[in-house]
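Undergrad: Contents of input-v4.txt (compact mmCIF, C-alpha atoms) are given next:
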# COMPACT_ATOMS: atom_id res chain seq x y z
CA MET A 900 93.09 79.07 100.62
CA THR A 901 95.93 77.46 98.69
CA GLY A 902 99.57 77.91 99.66
CA VAL A 903 102.40 77.67 97.15
CA ALA A 904 105.55 77.11 99.18
CA ARG A 905 108.94 78.00 97.78
CA LYS A 906 112.37 79.29 98.73
CA GLY A 907 111.48 81.99 101.24
CA ILE A 908 108.76 83.53 99.04
CA GLU A 909 105.33 82.32 100.05
CA MET A 910 102.28 83.17 97.96
CA LEU A 911 98.70 82.52 99.06
CA GLU A 912 95.45 82.49 97.13
CA LEU A 913 92.29 83.54 98.96
CA GLU A 914 88.75 82.94 97.72
CA LEU A 915 85.99 85.55 97.72
CA GLN A 916 82.32 85.67 96.71
CA SER A 917 80.65 88.90 95.67
CA SER A 918 76.87 89.35 95.96
CA CYS A 919 75.89 91.99 93.42
CA ARG A 920 77.26 93.73 90.33
CA SER A 921 79.15 96.44 92.23
CA ASP A 922 80.27 94.88 95.47
CA PHE A 923 83.09 96.10 97.70
CA LEU A 924 84.31 93.44 100.17
CA ASP A 925 86.40 94.42 103.21
CA ILE A 926 89.29 91.92 103.07
CA THR A 927 91.43 93.52 105.81
CA ALA A 928 90.91 90.80 108.42
CA MET A 929 91.38 88.07 105.81
CA VAL A 930 94.74 89.50 104.75
CA GLN A 931 95.82 90.10 108.36
CA ALA A 932 95.02 86.46 109.20
CA GLU A 933 97.46 85.21 106.55
CA LEU A 934 100.50 87.30 107.51
CA GLY A 935 101.79 84.49 109.71
CA GLY A 936 101.45 82.02 106.83
CA LEU A 937 103.36 84.43 104.60
CA GLY A 938 106.12 84.62 107.21
CA ILE A 939 106.09 88.41 107.49
CA VAL A 940 107.00 90.01 110.80
CA HIS A 941 108.35 93.30 109.43
CA GLY A 942 108.14 94.31 105.78
CA ALA A 943 105.20 94.67 103.40
CA VAL A 944 102.53 92.61 101.67
CA ILE A 945 101.32 92.81 98.06
CA VAL A 946 97.58 92.17 97.55
CA PHE A 947 97.06 91.38 93.87
CA ASN A 948 93.71 91.03 92.06
CA PRO A 949 93.93 88.61 89.06
CA HIS A 950 90.61 89.69 87.45
CA THR A 951 90.11 92.30 84.70
CA THR A 952 86.71 93.50 85.95
CA ALA A 953 87.68 93.90 89.60
CA ALA A 954 90.26 95.88 91.59
CA VAL A 955 91.68 96.40 95.06
CA THR A 956 91.77 99.73 96.86
CA ILE A 957 92.31 101.18 100.33
CA ASN A 958 89.59 103.44 101.74
CA GLU A 959 87.37 104.13 104.74
CA GLY A 960 85.63 101.22 106.41
CA ALA A 961 83.81 102.92 109.31
CA ASP A 962 80.77 104.37 107.51
CA PRO A 963 79.27 102.08 104.82
CA ASP A 964 77.95 105.20 103.07
CA VAL A 965 81.50 105.94 101.87
CA VAL A 966 81.57 102.77 99.80
CA SER A 967 78.01 103.23 98.51
CA ASP A 968 78.76 106.86 97.55
CA MET A 969 81.82 105.55 95.73
CA THR A 970 79.96 102.92 93.69
CA THR A 971 77.22 105.47 92.86
CA ALA A 972 79.81 108.01 91.67
CA LEU A 973 81.59 105.36 89.58
CA ASP A 974 78.30 104.41 87.90
CA LYS A 975 77.62 108.07 87.06
CA LEU A 976 81.10 108.60 85.59
CA ILE A 977 81.29 105.25 83.78
CA PRO A 978 77.71 104.11 82.97
CA TRP A 979 77.06 100.39 82.41
CA ARG A 980 75.65 101.16 78.94
CA ASP A 981 77.42 103.86 76.96
CA GLY A 982 77.77 102.68 73.36
CA TYR A 983 80.68 100.33 74.09
CA ASN A 984 81.88 97.90 71.40
CA HIS A 985 83.14 95.04 73.61
CA ALA A 986 80.66 92.22 72.93
CA GLU A 987 80.66 90.90 76.48
CA GLY A 988 78.91 94.09 77.58
CA ASN A 989 81.04 94.75 80.67
CA SER A 990 83.40 97.45 79.40
CA ALA A 991 82.38 99.73 82.27
CA ALA A 992 83.78 97.16 84.72
CA HIS A 993 87.08 96.92 82.78
CA ILE A 994 87.44 100.72 82.80
CA LYS A 995 86.73 100.99 86.53
CA ALA A 996 89.32 98.23 87.14
CA SER A 997 92.10 100.30 85.54
CA PHE A 998 91.03 103.45 87.38
CA PHE A 999 91.28 101.72 90.78
CA GLY A 1000 94.28 99.45 90.06
CA SER A 1001 95.20 95.80 90.23
CA SER A 1002 97.14 95.73 93.49
CA VAL A 1003 97.92 97.50 96.74
CA THR A 1004 101.07 97.28 98.86
CA ILE A 1005 100.71 97.60 102.63
CA LEU A 1006 103.48 97.93 105.22
CA VAL A 1007 103.67 95.31 107.99
CA GLU A 1008 105.09 95.89 111.46
CA ASN A 1009 105.30 93.36 114.28
CA SER A 1010 103.16 90.92 112.26
CA CYS A 1011 100.35 93.49 111.84
CA LEU A 1012 99.17 95.44 108.80
CA ARG A 1013 100.20 99.05 109.30
CA LEU A 1014 97.16 100.95 107.99
CA GLY A 1015 95.92 104.46 108.82
CA THR A 1016 93.19 104.81 111.47
CA TRP A 1017 90.29 104.71 109.00
CA GLN A 1018 91.86 102.56 106.27
CA LYS A 1019 90.54 99.16 105.23
CA ILE A 1020 91.57 97.02 102.25
CA TRP A 1021 88.69 96.59 99.77
CA PHE A 1022 88.22 94.04 97.00
CA CYS A 1023 86.08 95.86 94.41
CA ASP A 1024 83.98 93.67 92.16
CA PHE A 1025 82.64 95.71 89.25
CA ASP A 1026 80.99 92.78 87.42
CA GLY A 1027 79.58 90.50 90.12
CA PRO A 1028 78.15 88.46 91.59
CA ARG A 1029 81.03 86.03 91.03
CA SER A 1030 83.52 83.77 92.74
CA ARG A 1031 86.77 85.70 92.85
CA LYS A 1032 90.33 85.27 94.09
CA ILE A 1033 93.13 87.44 95.41
CA TRP A 1034 96.81 86.58 95.64
CA ILE A 1035 98.99 87.79 98.50
CA GLN A 1036 102.75 87.73 98.84
CA ALA A 1037 105.35 89.09 101.24
CA VAL A 1038 107.86 91.79 100.31
CA ASN A 1039 110.97 92.28 102.42
CA GLN A 1040 109.93 89.82 105.09
CA ALA A 1041 112.24 90.03 108.09
CA MET B 138 110.14 112.58 111.45
CA THR B 139 109.96 109.43 113.52
CA GLY B 140 112.15 106.41 112.82
CA VAL B 141 111.09 102.89 113.74
CA ALA B 142 114.26 100.83 113.67
CA ARG B 143 114.13 97.09 113.17
CA LYS B 144 115.93 94.15 111.62
CA GLY B 145 117.05 95.61 108.30
CA ILE B 146 113.63 97.13 107.51
CA GLU B 147 113.54 100.78 108.41
CA MET B 148 110.26 102.71 108.21
CA LEU B 149 110.01 106.48 108.55
CA GLU B 150 107.05 108.75 109.17
CA LEU B 151 107.16 112.24 107.65
CA GLU B 152 104.85 115.11 108.60
CA LEU B 153 103.08 117.37 106.13
CA GLN B 154 100.74 120.36 106.33
CA SER B 155 98.30 121.17 103.54
CA SER B 156 96.99 124.72 103.06
CA CYS B 157 93.67 124.40 101.25
CA ARG B 158 91.01 121.79 100.44
CA SER B 159 92.69 120.49 97.29
CA ASP B 160 96.41 120.83 97.86
CA PHE B 161 99.16 118.93 96.03
CA LEU B 162 102.50 119.00 97.88
CA ASP B 163 105.74 118.12 96.07
CA ILE B 164 107.40 115.67 98.48
CA THR B 165 110.22 114.55 96.16
CA ALA B 166 113.06 116.30 98.03
CA MET B 167 111.65 115.17 101.37
CA VAL B 168 111.63 111.51 100.27
CA GLN B 169 115.08 111.80 98.68
CA ALA B 170 116.49 113.25 101.93
CA GLU B 171 115.43 110.13 103.86
CA LEU B 172 116.91 107.47 101.56
CA GLY B 173 120.09 107.42 103.63
CA GLY B 174 118.09 106.89 106.82
CA LEU B 175 116.22 104.05 105.12
CA GLY B 176 119.53 102.47 104.17
CA ILE B 177 118.76 102.21 100.45
CA VAL B 178 121.62 102.43 97.98
CA HIS B 179 120.06 100.34 95.20
CA GLY B 180 116.49 99.08 95.28
CA ALA B 181 113.16 100.84 95.64
CA VAL B 182 111.13 102.85 98.12
CA ILE B 183 107.43 102.62 98.96
CA VAL B 184 105.70 105.93 99.75
CA PHE B 185 102.44 105.12 101.57
CA ASN B 186 99.64 107.55 102.44
CA PRO B 187 97.72 106.49 105.59
CA HIS B 188 94.73 108.83 105.05
CA THR B 189 91.40 107.99 103.34
CA THR B 190 90.86 111.46 101.86
CA ALA B 191 94.36 111.88 100.42
CA ALA B 192 96.59 110.06 97.94
CA VAL B 193 100.08 109.99 96.44
CA THR B 194 100.82 110.24 92.74
CA ILE B 195 103.71 110.89 90.36
CA ASN B 196 103.30 113.68 87.81
CA GLU B 197 104.91 116.77 86.30
CA GLY B 198 106.47 119.32 88.63
CA ALA B 199 107.87 121.90 86.19
CA ASP B 200 104.72 123.88 85.35
CA PRO B 201 102.38 124.50 88.32
CA ASP B 202 99.48 124.72 85.84
CA VAL B 203 99.60 120.92 85.45
CA VAL B 204 98.64 120.42 89.08
CA SER B 205 96.01 123.17 89.03
CA ASP B 206 94.49 121.74 85.81
CA MET B 207 94.41 118.37 87.56
CA THR B 208 92.58 119.61 90.66
CA THR B 209 90.12 121.54 88.48
CA ALA B 210 89.41 118.45 86.37
CA LEU B 211 88.96 116.31 89.48
CA ASP B 212 86.44 118.79 90.90
CA LYS B 213 84.46 118.73 87.64
CA LEU B 214 84.39 114.93 87.54
CA ILE B 215 83.75 114.42 91.25
CA PRO B 216 81.94 117.52 92.60
CA TRP B 217 82.19 118.31 96.31
CA ARG B 218 78.36 118.23 96.58
CA ASP B 219 76.60 115.58 94.54
CA GLY B 220 73.87 114.04 96.70
CA TYR B 221 76.26 111.88 98.72
CA ASN B 222 74.98 110.02 101.82
CA HIS B 223 78.20 109.99 103.91
CA ALA B 224 77.38 112.30 106.84
CA GLU B 225 80.86 113.77 107.09
CA GLY B 226 80.29 115.47 103.72
CA ASN B 227 83.66 114.60 102.19
CA SER B 228 82.76 111.66 99.95
CA ALA B 229 84.28 113.43 96.95
CA ALA B 230 87.67 113.31 98.71
CA HIS B 231 87.31 109.59 99.47
CA ILE B 232 86.45 108.86 95.82
CA LYS B 233 89.41 110.87 94.50
CA ALA B 234 91.67 109.00 96.95
CA SER B 235 90.80 105.63 95.40
CA PHE B 236 91.17 106.98 91.86
CA PHE B 237 94.72 108.21 92.56
CA GLY B 238 95.84 105.41 94.90
CA SER B 239 97.32 105.00 98.37
CA SER B 240 100.98 104.45 97.49
CA VAL B 241 103.69 104.75 94.87
CA THR B 242 106.85 102.67 94.48
CA ILE B 243 109.95 104.38 93.08
CA LEU B 244 113.23 102.76 92.01
CA VAL B 245 116.44 103.90 93.72
CA GLU B 246 119.90 103.83 92.17
CA ASN B 247 123.15 104.98 93.81
CA SER B 248 121.17 106.43 96.73
CA CYS B 249 119.01 108.59 94.40
CA LEU B 250 115.37 108.34 93.40
CA ARG B 251 115.25 107.19 89.79
CA LEU B 252 112.42 109.31 88.36
CA GLY B 253 111.73 110.39 84.79
CA THR B 254 112.92 113.85 83.70
CA TRP B 255 109.64 115.60 84.53
CA GLN B 256 108.41 113.37 87.35
CA LYS B 257 107.89 114.55 90.92
CA ILE B 258 106.21 112.73 93.81
CA TRP B 259 103.02 114.50 94.95
CA PHE B 260 101.08 114.16 98.16
CA CYS B 261 97.47 114.96 97.20
CA ASP B 262 95.25 116.30 99.94
CA PHE B 263 91.62 116.22 98.82
CA ASP B 264 90.15 117.37 102.15
CA GLY B 265 92.58 119.90 103.60
CA PRO B 266 93.84 121.97 105.13
CA ARG B 267 95.13 119.39 107.60
CA SER B 268 98.21 117.97 109.28
CA ARG B 269 99.04 114.81 107.36
CA LYS B 270 101.63 112.04 107.39
CA ILE B 271 103.32 109.72 104.93
CA TRP B 272 105.18 106.52 105.65
CA ILE B 273 108.23 105.44 103.65
CA GLN B 274 110.01 102.11 103.61
CA ALA B 275 112.78 100.48 101.59
CA VAL B 276 112.21 97.54 99.24
CA ASN B 277 115.17 95.41 98.17
CA GLN B 278 117.75 97.62 99.78
CA ALA B 279 121.26 96.61 98.70
CA MET C 1427 117.43 97.45 76.19
CA THR C 1428 120.03 98.70 78.64
CA GLY C 1429 121.02 96.76 81.73
CA VAL C 1430 122.39 98.43 84.83
CA ALA C 1431 124.12 95.73 86.80
CA ARG C 1432 124.63 96.06 90.52
CA LYS C 1433 124.74 94.12 93.76
CA GLY C 1434 121.87 91.69 93.28
CA ILE C 1435 119.42 94.35 92.07
CA GLU C 1436 119.21 94.41 88.31
CA MET C 1437 117.24 97.13 86.53
CA LEU C 1438 116.45 97.09 82.83
CA GLU C 1439 115.23 99.81 80.50
CA LEU C 1440 113.01 98.79 77.58
CA GLU C 1441 112.21 100.96 74.57
CA LEU C 1442 108.74 101.43 73.12
CA GLN C 1443 107.21 103.36 70.22
CA SER C 1444 103.58 104.47 70.23
CA SER C 1445 101.70 105.14 66.99
CA CYS C 1446 98.91 107.56 67.83
CA ARG C 1447 97.86 109.99 70.57
CA SER C 1448 96.07 107.38 72.70
CA ASP C 1449 97.93 104.14 72.20
CA PHE C 1450 97.88 101.12 74.50
CA LEU C 1451 100.79 98.71 73.90
CA ASP C 1452 100.68 95.15 75.24
CA ILE C 1453 104.10 94.77 76.89
CA THR C 1454 103.45 91.42 78.60
CA ALA C 1455 105.72 89.33 76.38
CA MET C 1456 108.44 91.99 76.52
CA VAL C 1457 108.43 91.98 80.33
CA GLN C 1458 108.27 88.16 80.47
CA ALA C 1459 111.31 87.94 78.17
CA GLU C 1460 113.43 89.97 80.62
CA LEU C 1461 112.67 88.02 83.80
CA GLY C 1462 115.76 85.87 83.26
CA GLY C 1463 117.93 88.97 82.86
CA LEU C 1464 116.46 90.36 86.08
CA GLY C 1465 117.33 87.12 87.83
CA ILE C 1466 113.82 86.46 89.15
CA VAL C 1467 112.68 82.87 89.62
CA HIS C 1468 110.17 83.48 92.42
CA GLY C 1469 109.19 86.94 93.65
CA ALA C 1470 107.75 89.95 91.88
CA VAL C 1471 108.61 92.55 89.25
CA ILE C 1472 107.99 96.31 89.27
CA VAL C 1473 107.13 97.84 85.87
CA PHE C 1474 107.69 101.61 86.16
CA ASN C 1475 106.73 104.26 83.60
CA PRO C 1476 109.05 107.31 83.73
CA HIS C 1477 106.78 109.63 81.67
CA THR C 1478 104.21 112.13 82.98
CA THR C 1479 101.78 111.72 80.08
CA ALA C 1480 101.75 107.91 80.05
CA ALA C 1481 100.91 105.11 82.49
CA VAL C 1482 100.96 101.36 82.97
CA THR C 1483 97.91 99.25 83.76
CA ILE C 1484 96.76 95.64 83.80
CA ASN C 1485 93.61 94.77 81.85
CA GLU C 1486 92.09 92.40 79.30
CA GLY C 1487 94.08 91.57 76.18
CA ALA C 1488 91.80 89.10 74.39
CA ASP C 1489 89.30 91.48 72.77
CA PRO C 1490 90.84 94.70 71.35
CA ASP C 1491 87.46 96.40 71.86
CA VAL C 1492 88.17 96.54 75.60
CA VAL C 1493 91.14 98.84 75.07
CA SER C 1494 89.34 100.96 72.47
CA ASP C 1495 86.29 101.30 74.76
CA MET C 1496 88.70 102.37 77.49
CA THR C 1497 90.41 105.09 75.44
CA THR C 1498 87.00 106.36 74.22
CA ALA C 1499 85.68 106.53 77.79
CA LEU C 1500 88.82 108.35 78.96
CA ASP C 1501 88.43 110.93 76.19
CA LYS C 1502 84.81 111.54 77.20
CA LEU C 1503 85.68 111.98 80.88
CA ILE C 1504 88.85 114.01 80.31
CA PRO C 1505 88.53 115.85 76.96
CA TRP C 1506 91.68 116.94 75.15
CA ARG C 1507 90.47 120.56 75.18
CA ASP C 1508 88.67 121.70 78.32
CA GLY C 1509 89.92 125.17 79.21
CA TYR C 1510 93.22 123.97 80.68
CA ASN C 1511 95.93 126.50 81.59
CA HIS C 1512 99.04 124.32 81.00
CA ALA C 1513 100.69 125.92 77.96
CA GLU C 1514 101.88 122.66 76.46
CA GLY C 1515 98.24 121.73 75.78
CA ASN C 1516 98.44 118.15 77.03
CA SER C 1517 96.89 118.46 80.49
CA ALA C 1518 94.36 115.73 79.62
CA ALA C 1519 97.25 113.29 79.21
CA HIS C 1520 98.78 114.29 82.58
CA ILE C 1521 95.42 113.80 84.32
CA LYS C 1522 94.87 110.35 82.74
CA ALA C 1523 98.40 109.39 83.82
CA SER C 1524 97.60 109.97 87.50
CA PHE C 1525 94.26 108.16 87.21
CA PHE C 1526 95.93 105.02 85.82
CA GLY C 1527 99.16 105.16 87.82
CA SER C 1528 102.90 105.13 87.22
CA SER C 1529 103.70 101.50 87.98
CA VAL C 1530 102.35 97.98 88.41
CA THR C 1531 103.77 95.15 90.50
CA ILE C 1532 103.31 91.58 89.24
CA LEU C 1533 104.06 88.33 91.06
CA VAL C 1534 106.53 85.89 89.45
CA GLU C 1535 106.52 82.13 89.94
CA ASN C 1536 108.92 79.64 88.36
CA SER C 1537 110.34 82.40 86.13
CA CYS C 1538 106.88 83.27 84.75
CA LEU C 1539 104.66 86.30 85.31
CA ARG C 1540 101.73 85.18 87.42
CA LEU C 1541 98.80 87.02 85.82
CA GLY C 1542 95.08 86.20 85.80
CA THR C 1543 93.66 84.35 82.79
CA TRP C 1544 92.67 87.49 80.89
CA GLN C 1545 95.26 89.91 82.23
CA LYS C 1546 97.91 91.61 80.12
CA ILE C 1547 100.30 94.43 81.04
CA TRP C 1548 99.59 97.60 79.05
CA PHE C 1549 101.76 100.64 78.46
CA CYS C 1550 99.30 103.51 77.99
CA ASP C 1551 100.51 106.45 75.95
CA PHE C 1552 98.12 109.38 76.37
CA ASP C 1553 100.19 111.87 74.33
CA GLY C 1554 101.72 109.90 71.48
CA PRO C 1555 103.03 109.09 69.04
CA ARG C 1556 106.40 109.10 70.82
CA SER C 1557 109.45 107.05 71.69
CA ARG C 1558 108.91 105.88 75.26
CA LYS C 1559 110.70 103.80 77.88
CA ILE C 1560 109.78 101.57 80.78
CA TRP C 1561 111.99 100.46 83.65
CA ILE C 1562 111.69 97.03 85.21
CA GLN C 1563 113.23 95.71 88.41
CA ALA C 1564 112.95 92.58 90.53
CA VAL C 1565 111.44 92.52 94.00
CA ASN C 1566 112.20 89.62 96.34
CA GLN C 1567 114.08 87.64 93.75
CA ALA C 1568 114.74 84.10 94.98
Taking this structure as input, can you express it in the form of structure tokens?

TA:
Amino acid sequence: MTGVARKGIEMLELELQSSCRSDFLDITAMVQAELGGLGIVHGAVIVFNPHTTAAVTINEGADPDVVSDMTTALDKLIPWRDGYNHAEGNSAAHIKASFFGSSVTILVENSCLRLGTWQKIWFCDFDGPRSRKIWIQAVNQA
Amino acid sequence: MTGVARKGIEMLELELQSSCRSDFLDITAMVQAELGGLGIVHGAVIVFNPHTTAAVTINEGADPDVVSDMTTALDKLIPWRDGYNHAEGNSAAHIKASFFGSSVTILVENSCLRLGTWQKIWFCDFDGPRSRKIWIQAVNQA
Amino acid sequence: MTGVARKGIEMLELELQSSCRSDFLDITAMVQAELGGLGIVHGAVIVFNPHTTAAVTINEGADPDVVSDMTTALDKLIPWRDGYNHAEGNSAAHIKASFFGSSVTILVENSCLRLGTWQKIWFCDFDGPRSRKIWIQAVNQA
């Protein structure tokens, strides 16, 4: 974790490690643990993924079958091999990244992430296993 | 509608009711009506969906066929039954939720949502009918 | 480019021109060039697309095959003709717009967009060629 201090706008970089090609990591607790460092009591936090073959999303964390059904469905819709031209061979991962999105914004109340009952924040690696990073920053901290 | 007042960051919870499994509700007027309560004159507003089988999106509101074409296309791409493992049986709704996203951010100018000519804000229930909620909060209010 | 000055919240409108039906335009340099006008040194910027048949996304800019693989895959998943009811005939473009999303938020540090090594900001026209616009606004400027 690396902090970049500046005038009232703190940004933190967190390190992640995925374990297989399609790997969804629950980063909720990791983001929650940094809210104090970001100086947010009330406001919101941006979770930004700086990779072009990964994404962040919010979805159910209670039943692991939800995530596995999701990766299976993504592989059916966007197969790993499908006549792509990109020489690196990971176009499917790039396409999934744009479908899911590069960041999520989550409200914060009394120094806690305000998520729905079943919501968790997921880092989605579509071209793992790799060392990855996410960047987090406060919005509206008060 | 429940207001949670705090130091300059107002968050509101709005209640919704969907009427069928795939139901897109135009919440533009509902969000606009709360901008005063959020204290935003110039800035932006975050519309956050706290459910894991629903989403929010921005799309055309003039012709209702756009929304019905969208739900039809989603059902073709992500069928309700497709050999999923999640016991609750609604994996298709979870997958659609991550494709569409958990929140939208909309600019605000002179106390009005600044949307494109044809844009409306849609709450997308993918596993209705249900009672649902959205949370809204100001960004950068000035 | 049209600036709308107001109390500490500057919004700018940028003009774009797409050249074919599915056209992805790299707008990274264009957004970077306006950060000074938005008054952001540290913070974040919202890039908002006001059209219902276009989107913005963040993805690789080094190899043009990534973007062409992406538009090809989108056309396979969401064909231009597929029995849609919307009379205007561009339902595929509306559906792609909601899959990719109406805005992106990017962190800014020392007056520079903080993007990952391979990330570029893309305006995605799904129903070009057309004259298009994007709106940009600071978040948390400090």

Undergrad: How would chain B read as a tab-separated table (two decimals) with C-alpha atoms, keeping the file's coordinate frame once least-squares superposed on chain C using all paired C-alpha atoms?

TA:
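In the end it all went to superposed-v6.tsv:
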chain	number	residue	atom	x	y	z
B	138	MET	CA	117.43	97.44	76.15
B	139	THR	CA	120.02	98.71	78.59
B	140	GLY	CA	121.05	96.74	81.67
B	141	VAL	CA	122.38	98.43	84.79
B	142	ALA	CA	124.10	95.70	86.76
B	143	ARG	CA	124.59	96.02	90.49
B	144	LYS	CA	124.70	94.09	93.74
B	145	GLY	CA	121.82	91.66	93.27
B	146	ILE	CA	119.39	94.36	92.06
B	147	GLU	CA	119.19	94.40	88.31
B	148	MET	CA	117.23	97.14	86.54
B	149	LEU	CA	116.43	97.11	82.83
B	150	GLU	CA	115.23	99.83	80.49
B	151	LEU	CA	113.01	98.79	77.58
B	152	GLU	CA	112.19	100.98	74.57
B	153	LEU	CA	108.73	101.45	73.12
B	154	GLN	CA	107.21	103.37	70.21
B	155	SER	CA	103.58	104.49	70.24
B	156	SER	CA	101.71	105.14	66.98
B	157	CYS	CA	98.91	107.56	67.83
B	158	ARG	CA	97.85	109.98	70.58
B	159	SER	CA	96.06	107.38	72.71
B	160	ASP	CA	97.92	104.14	72.19
B	161	PHE	CA	97.88	101.11	74.52
B	162	LEU	CA	100.79	98.72	73.90
B	163	ASP	CA	100.68	95.15	75.24
B	164	ILE	CA	104.10	94.78	76.89
B	165	THR	CA	103.45	91.43	78.60
B	166	ALA	CA	105.74	89.33	76.37
B	167	MET	CA	108.44	92.00	76.52
B	168	VAL	CA	108.43	91.99	80.34
B	169	GLN	CA	108.29	88.18	80.49
B	170	ALA	CA	111.32	87.95	78.17
B	171	GLU	CA	113.44	89.98	80.62
B	172	LEU	CA	112.68	88.03	83.81
B	173	GLY	CA	115.76	85.88	83.25
B	174	GLY	CA	117.94	88.97	82.87
B	175	LEU	CA	116.46	90.35	86.09
B	176	GLY	CA	117.33	87.11	87.85
B	177	ILE	CA	113.81	86.46	89.16
B	178	VAL	CA	112.69	82.87	89.63
B	179	HIS	CA	110.18	83.49	92.43
B	180	GLY	CA	109.19	86.94	93.64
B	181	ALA	CA	107.75	89.96	91.88
B	182	VAL	CA	108.62	92.55	89.26
B	183	ILE	CA	107.99	96.29	89.27
B	184	VAL	CA	107.14	97.84	85.88
B	185	PHE	CA	107.69	101.61	86.16
B	186	ASN	CA	106.73	104.26	83.61
B	187	PRO	CA	109.04	107.32	83.74
B	188	HIS	CA	106.78	109.63	81.67
B	189	THR	CA	104.20	112.14	82.99
B	190	THR	CA	101.77	111.72	80.08
B	191	ALA	CA	101.75	107.92	80.06
B	192	ALA	CA	100.91	105.12	82.50
B	193	VAL	CA	100.96	101.35	82.97
B	194	THR	CA	97.91	99.26	83.77
B	195	ILE	CA	96.76	95.64	83.80
B	196	ASN	CA	93.62	94.77	81.85
B	197	GLU	CA	92.09	92.40	79.31
B	198	GLY	CA	94.08	91.57	76.19
B	199	ALA	CA	91.79	89.09	74.40
B	200	ASP	CA	89.30	91.48	72.76
B	201	PRO	CA	90.85	94.68	71.34
B	202	ASP	CA	87.48	96.40	71.85
B	203	VAL	CA	88.18	96.54	75.61
B	204	VAL	CA	91.15	98.84	75.06
B	205	SER	CA	89.35	100.95	72.46
B	206	ASP	CA	86.30	101.30	74.75
B	207	MET	CA	88.70	102.38	77.49
B	208	THR	CA	90.40	105.09	75.43
B	209	THR	CA	87.01	106.34	74.22
B	210	ALA	CA	85.69	106.53	77.79
B	211	LEU	CA	88.82	108.33	78.96
B	212	ASP	CA	88.44	110.93	76.19
B	213	LYS	CA	84.81	111.54	77.19
B	214	LEU	CA	85.70	111.96	80.86
B	215	ILE	CA	88.86	113.99	80.30
B	216	PRO	CA	88.53	115.84	76.96
B	217	TRP	CA	91.69	116.92	75.15
B	218	ARG	CA	90.46	120.56	75.18
B	219	ASP	CA	88.68	121.69	78.31
B	220	GLY	CA	89.93	125.18	79.19
B	221	TYR	CA	93.21	123.96	80.67
B	222	ASN	CA	95.94	126.49	81.58
B	223	HIS	CA	99.04	124.31	81.00
B	224	ALA	CA	100.70	125.92	77.96
B	225	GLU	CA	101.89	122.66	76.45
B	226	GLY	CA	98.24	121.74	75.78
B	227	ASN	CA	98.43	118.15	77.03
B	228	SER	CA	96.88	118.45	80.49
B	229	ALA	CA	94.36	115.74	79.63
B	230	ALA	CA	97.26	113.29	79.22
B	231	HIS	CA	98.77	114.29	82.58
B	232	ILE	CA	95.41	113.80	84.32
B	233	LYS	CA	94.86	110.36	82.75
B	234	ALA	CA	98.40	109.39	83.83
B	235	SER	CA	97.58	109.97	87.51
B	236	PHE	CA	94.25	108.16	87.21
B	237	PHE	CA	95.92	105.02	85.81
B	238	GLY	CA	99.16	105.16	87.82
B	239	SER	CA	102.91	105.14	87.22
B	240	SER	CA	103.70	101.49	87.97
B	241	VAL	CA	102.36	97.98	88.41
B	242	THR	CA	103.79	95.14	90.49
B	243	ILE	CA	103.31	91.58	89.23
B	244	LEU	CA	104.07	88.33	91.06
B	245	VAL	CA	106.52	85.90	89.46
B	246	GLU	CA	106.52	82.13	89.95
B	247	ASN	CA	108.93	79.63	88.36
B	248	SER	CA	110.35	82.40	86.15
B	249	CYS	CA	106.89	83.29	84.76
B	250	LEU	CA	104.65	86.30	85.30
B	251	ARG	CA	101.72	85.18	87.43
B	252	LEU	CA	98.80	87.03	85.83
B	253	GLY	CA	95.10	86.21	85.81
B	254	THR	CA	93.68	84.35	82.79
B	255	TRP	CA	92.68	87.50	80.90
B	256	GLN	CA	95.28	89.92	82.25
B	257	LYS	CA	97.92	91.61	80.11
B	258	ILE	CA	100.30	94.43	81.04
B	259	TRP	CA	99.59	97.62	79.04
B	260	PHE	CA	101.76	100.64	78.47
B	261	CYS	CA	99.30	103.52	78.00
B	262	ASP	CA	100.50	106.46	75.96
B	263	PHE	CA	98.12	109.39	76.38
B	264	ASP	CA	100.19	111.87	74.34
B	265	GLY	CA	101.74	109.91	71.48
B	266	PRO	CA	103.04	109.11	69.06
B	267	ARG	CA	106.40	109.11	70.82
B	268	SER	CA	109.46	107.05	71.68
B	269	ARG	CA	108.92	105.90	75.25
B	270	LYS	CA	110.68	103.81	77.88
B	271	ILE	CA	109.78	101.58	80.79
B	272	TRP	CA	111.99	100.47	83.64
B	273	ILE	CA	111.69	97.02	85.23
B	274	GLN	CA	113.23	95.71	88.42
B	275	ALA	CA	112.95	92.57	90.53
B	276	VAL	CA	111.43	92.52	94.02
B	277	ASN	CA	112.20	89.62	96.35
B	278	GLN	CA	114.04	87.61	93.76
B	279	ALA	CA	114.72	84.08	95.01

Undergrad: Write out as a count of residues only the residues lying within 9 Å of Val930 (chain A), counting all atoms listed in the file and excluding same-chain residues fewer than 4 positions away.

TA: 8

Undergrad: Between CA of Gly960 (chain A) and CA of Asp1024 (chain A), what distance in Å does the model show, to one decimal?

TA: 16.2 Å

Undergrad: How far is it from CA of Asp1449 (chain C) to CA of Pro1555 (chain C), in Å with one decimal?

TA: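 Atom-to-atom, CA of Asp1449 (chain C) to CA of Pro1555 (chain C), that is 7.8 Å.
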
Undergrad: To one decimal in Å, tell me the separation between CA of Glu933 (chain A) and CA of Val1482 (chain C).

TA: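 About the pair CA of Glu933 (chain A) and CA of Val1482 (chain C): they are 28.8 Å apart.
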
Undergrad: For Val966 (chain A), which residue among A:Ile1005, A:Cys1011, A:Cys1023, A:Val940 is the nearest when counting only C-alpha atoms?

TA: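 Among A:Ile1005, A:Cys1011, A:Cys1023, A:Val940, it is A:Cys1023 that comes nearest to Val966 (chain A).
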